[in-house]
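Below: the structure, in structure tokens.
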Amino acid sequence: MYKNELDNAIKAAKVSNSFVFFGESDFLIDMYTNMMSNIEDSNILSFYHDEYNFKSAKEHLSQSSLFGDRNILIIKSEKKTPKKDLDIFMELCQKNPDNIFIYAYYGRDHKTYNNKKTFGKFSTMCVRFFNPKDYEAQNIVLQVAEEKGVKIDKYSVSHLLNVHNGDVALACNEMDKLRVYDREITTKDIENLVFGLAEVSIDELIKTLLGKKDFKDELQNILEHGEDEIRILTAISSFVTQLYMFNIYIRVNGAPNALEILGYPAPKFVVEEKSALSLRFKPNTYYKMQELLLESELKMKSSAVDKCAILLSTLIRLQKLI
């Protein structure tokens, strides 16, 4: 099933009470998960990524409510939940139409859920969400703008999407910023207020830098968008510190644990990416990188100097260290 088929079912009030959402668009998976679980006075139990617990999930859908409200189970994960578990949740929903189960799969192996026979014995709706086309992205942003009371036309929305490289989630997030205007938003307002995060991500610059690739165009792009040289330097220092923490933890324990390293659970792909990157450098290299970054930060803060020149020189020297 595709998005338009689900939309038609929603309009006709002919939706199931169990869903599998997957595909290329994480934004649409999130959007429809929120839409189908937005039920007043419902009891929602959500599991995110590695938090999943079969026993707790089953108990939540098995219990009956004393007050007539609905039990909703949501599992969000980048790795596949065992099919036998999903079958049990769907069967429980089939027995009790008041309950709802939503499995939001963010992984990229779509073959299992793209097969109509996978959950053929249930009324489950398996929906594949592709990245929205230009006109679909515009309509989504316009809909969010209307919900938030932002007056904006499709041309300004198109400009907003261009600023964010077509990222619908980032464009929709800007609505809270744009609602301060009690008038129609223009492209000039967007240029003045919106910071193109998709174009000027410091994290992407750092990955380019540590990959020993040419970083000058990315750096220039970030500086042209008004980012401060010292903040760029401190962001790099913070990133390198995190990598060193991953490096030490993996050397001691054999595997990373984001909660213990960072103090909060991080998505699996982030942990894997930082773990792999952290092991590229030896402890002595980390020491030299931090020494260089701290010395350069001190130079920038000391007197009237050309901060841009110091930053560029520092990043070139940093690449030579690695």
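Residues in the structure tokens are named by chain (A, B, ... in the order shown) and by number from 1 within that chain; ligands are numbered from 1 in the order shown.
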Quiz item: Excluding same-chain residues fewer than 3 positions from Arg128 (chain A), what lies within 7 Å of it counting only C-alpha atoms, as a PyMOL selection string?
Solution: chain A and resi 1-3+21-23
Quiz prompt | region 86-90 of chain A surroundings by only C-alpha atoms, 7 Å radius, close-in-sequence under 4 positions cut, as a PyMOL selection string | solution = chain A and resi 18+58+82+94+101+122
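Among the candidates A:Ile230, A:Ile190, A:Val141, A:Tyr244, the residue lying nearest to Ala309 (chain A) is A:Ile230 (atoms considered: only C-alpha atoms).
Restricting the calculation to only C-alpha atoms, the smallest distance between Val194 (chain A) and any of A:Met289, A:Leu160, A:Leu210, A:Leu219 is found for A:Leu160.
CA of Val127 (chain A) sits 10.6 Å away from CA of Asn115 (chain A).
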Exercise. Find the distance between CA of Asp182 (chain A) and CA of Leu170 (chain A) and write it in Å to one decimal.
Key: 21.6 Å
Exercise. Find the spatial neighbours of Tyr52 (chain A), counting only C-alpha atoms, within a cut-off of 10 Å - ignore same-chain residues fewer than 5 positions away - and output them as a VMD selection string.
Key: chain A and resid 46 to 47 57 74 to 77 81
With C-alpha atoms retained, could you export that selection as a PDB file, in the first residue's frame?
ATOM      1  CA  SER A  46       6.040   3.787  22.916  1.00  0.00           C
ATOM      2  CA  PHE A  47       9.322   1.958  22.404  1.00  0.00           C
ATOM      3  CA  ALA A  57       4.391  -4.561  24.793  1.00  0.00           C
ATOM      4  CA  ILE A  74       4.020   2.153  19.098  1.00  0.00           C
ATOM      5  CA  ILE A  75       7.371   0.587  18.207  1.00  0.00           C
ATOM      6  CA  LYS A  76       9.917   2.804  16.437  1.00  0.00           C
ATOM      7  CA  SER A  77      13.060   1.042  15.312  1.00  0.00           C
ATOM      8  CA  THR A  81      11.271  -6.501  15.245  1.00  0.00           C
TER       9      THR A  81
END
Exercise. Would you work out the distance separating CA of Ser238 (chain A) from CA of Lys213 (chain A), expressed in Å to one decimal?
Key: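 Pair CA of Ser238 (chain A) / CA of Lys213 (chain A) returns 20.1 Å.
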Practice problem: List the neighbours of Lys80 (chain A) out to 12 Å using only C-alpha atoms; skip same-chain residues closer than 3 positions along the sequence, and give me the result as a count of residues only. | Solution: 23
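If only C-alpha atoms are the atoms counted, then among A:Phe129, A:Phe239, A:Phe215, A:Phe54 the closest residue to Lys274 (chain A) is A:Phe239.
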Quiz item: Where in region 162-248 of chain A does DSSP assign alpha helix (DSSP H), given as an MDAnalysis selection string?
Solution: chainID A and resid 162:163 168:173 175:178 187:193 202:210 216:224 229:248
Write a file of the just-selected residues containing C-alpha atoms, as a PDB file, in the first residue's frame.
ATOM      1  CA  ASN A 162      15.224  25.152  -1.448  1.00  0.00           C
ATOM      2  CA  VAL A 163      17.010  26.740   1.519  1.00  0.00           C
ATOM      3  CA  VAL A 168      10.407  18.748   4.591  1.00  0.00           C
ATOM      4  CA  ALA A 169      11.021  18.239   8.317  1.00  0.00           C
ATOM      5  CA  LEU A 170      13.356  21.244   8.551  1.00  0.00           C
ATOM      6  CA  ALA A 171      10.979  23.392   6.497  1.00  0.00           C
ATOM      7  CA  CYS A 172       8.029  22.497   8.746  1.00  0.00           C
ATOM      8  CA  ASN A 173      10.085  23.237  11.856  1.00  0.00           C
ATOM      9  CA  MET A 175       6.844  27.539  11.002  1.00  0.00           C
ATOM     10  CA  ASP A 176       7.231  28.259  14.721  1.00  0.00           C
ATOM     11  CA  LYS A 177       9.819  30.911  13.857  1.00  0.00           C
ATOM     12  CA  LEU A 178       7.757  32.441  11.026  1.00  0.00           C
ATOM     13  CA  THR A 187      10.849  35.149   0.336  1.00  0.00           C
ATOM     14  CA  LYS A 188      12.751  38.101   1.848  1.00  0.00           C
ATOM     15  CA  ASP A 189      11.477  37.154   5.324  1.00  0.00           C
ATOM     16  CA  ILE A 190      12.767  33.629   4.769  1.00  0.00           C
ATOM     17  CA  GLU A 191      16.177  34.912   3.737  1.00  0.00           C
ATOM     18  CA  ASN A 192      16.327  37.104   6.856  1.00  0.00           C
ATOM     19  CA  LEU A 193      15.029  34.574   9.383  1.00  0.00           C
ATOM     20  CA  ILE A 202      28.948  21.968  11.074  1.00  0.00           C
ATOM     21  CA  ASP A 203      28.848  18.213  11.702  1.00  0.00           C
ATOM     22  CA  GLU A 204      29.150  17.591   7.963  1.00  0.00           C
ATOM     23  CA  LEU A 205      32.115  19.964   7.822  1.00  0.00           C
ATOM     24  CA  ILE A 206      33.797  18.055  10.667  1.00  0.00           C
ATOM     25  CA  LYS A 207      33.279  14.705   8.919  1.00  0.00           C
ATOM     26  CA  THR A 208      34.762  16.136   5.723  1.00  0.00           C
ATOM     27  CA  LEU A 209      37.666  17.544   7.711  1.00  0.00           C
ATOM     28  CA  LEU A 210      38.418  14.286   9.550  1.00  0.00           C
ATOM     29  CA  LYS A 216      37.139  24.854   2.035  1.00  0.00           C
ATOM     30  CA  ASP A 217      33.830  25.213   0.167  1.00  0.00           C
ATOM     31  CA  GLU A 218      31.836  23.890   3.140  1.00  0.00           C
ATOM     32  CA  LEU A 219      33.704  26.200   5.505  1.00  0.00           C
ATOM     33  CA  GLN A 220      33.082  29.194   3.244  1.00  0.00           C
ATOM     34  CA  ASN A 221      29.387  28.299   3.041  1.00  0.00           C
ATOM     35  CA  ILE A 222      29.107  28.184   6.831  1.00  0.00           C
ATOM     36  CA  LEU A 223      30.940  31.495   7.296  1.00  0.00           C
ATOM     37  CA  GLU A 224      28.770  33.185   4.647  1.00  0.00           C
ATOM     38  CA  GLU A 229      34.765  31.256  13.764  1.00  0.00           C
ATOM     39  CA  ILE A 230      35.206  30.557  17.471  1.00  0.00           C
ATOM     40  CA  ARG A 231      31.952  28.589  17.610  1.00  0.00           C
ATOM     41  CA  ILE A 232      33.102  26.469  14.657  1.00  0.00           C
ATOM     42  CA  LEU A 233      36.380  25.778  16.443  1.00  0.00           C
ATOM     43  CA  THR A 234      34.685  24.850  19.738  1.00  0.00           C
ATOM     44  CA  ALA A 235      32.203  22.613  17.885  1.00  0.00           C
ATOM     45  CA  ILE A 236      35.128  20.740  16.304  1.00  0.00           C
ATOM     46  CA  SER A 237      36.829  20.447  19.708  1.00  0.00           C
ATOM     47  CA  SER A 238      33.624  19.074  21.263  1.00  0.00           C
ATOM     48  CA  PHE A 239      33.206  16.548  18.433  1.00  0.00           C
ATOM     49  CA  VAL A 240      36.829  15.380  18.777  1.00  0.00           C
ATOM     50  CA  THR A 241      36.343  15.004  22.553  1.00  0.00           C
ATOM     51  CA  GLN A 242      33.316  12.776  21.960  1.00  0.00           C
ATOM     52  CA  LEU A 243      35.299  10.636  19.519  1.00  0.00           C
ATOM     53  CA  TYR A 244      38.088  10.253  22.077  1.00  0.00           C
ATOM     54  CA  MET A 245      35.523   9.142  24.702  1.00  0.00           C
ATOM     55  CA  PHE A 246      34.179   6.533  22.256  1.00  0.00           C
ATOM     56  CA  ASN A 247      37.729   5.413  21.476  1.00  0.00           C
ATOM     57  CA  ILE A 248      38.693   4.896  25.135  1.00  0.00           C
TER      58      ILE A 248
END
Quiz prompt | Residue nearest Lys282 (chain A) - candidates A:Leu315, A:Ala258, A:Leu73, A:Ile322, atoms counted: only C-alpha atoms | solution = A:Ile322
Quiz item: From the list A:Tyr135, A:Arg317, A:Ile10, A:Met31, which residue is nearest Tyr155 (chain A) when using only C-alpha atoms?
Solution: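 Closest to Tyr155 (chain A) of all the choices is A:Tyr135.
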Exercise. Find the residues near Pro97 (chain A): any atom within 12 Å, counting only C-alpha atoms, skip ones fewer than 4 places away on the same chain, and give them as a list of chain:residue names.
Key: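 My list of contacting residues is A:Val15, A:Ser16, A:Asn17, A:Ser18, A:Leu61, A:Ser62, A:Ser64, A:Asp69, A:Arg70, A:Asn71, A:Ile72, A:Phe89, A:Met90, A:Glu91, A:Leu92, A:Cys93, A:Phe101, A:Ser123, A:Thr124.
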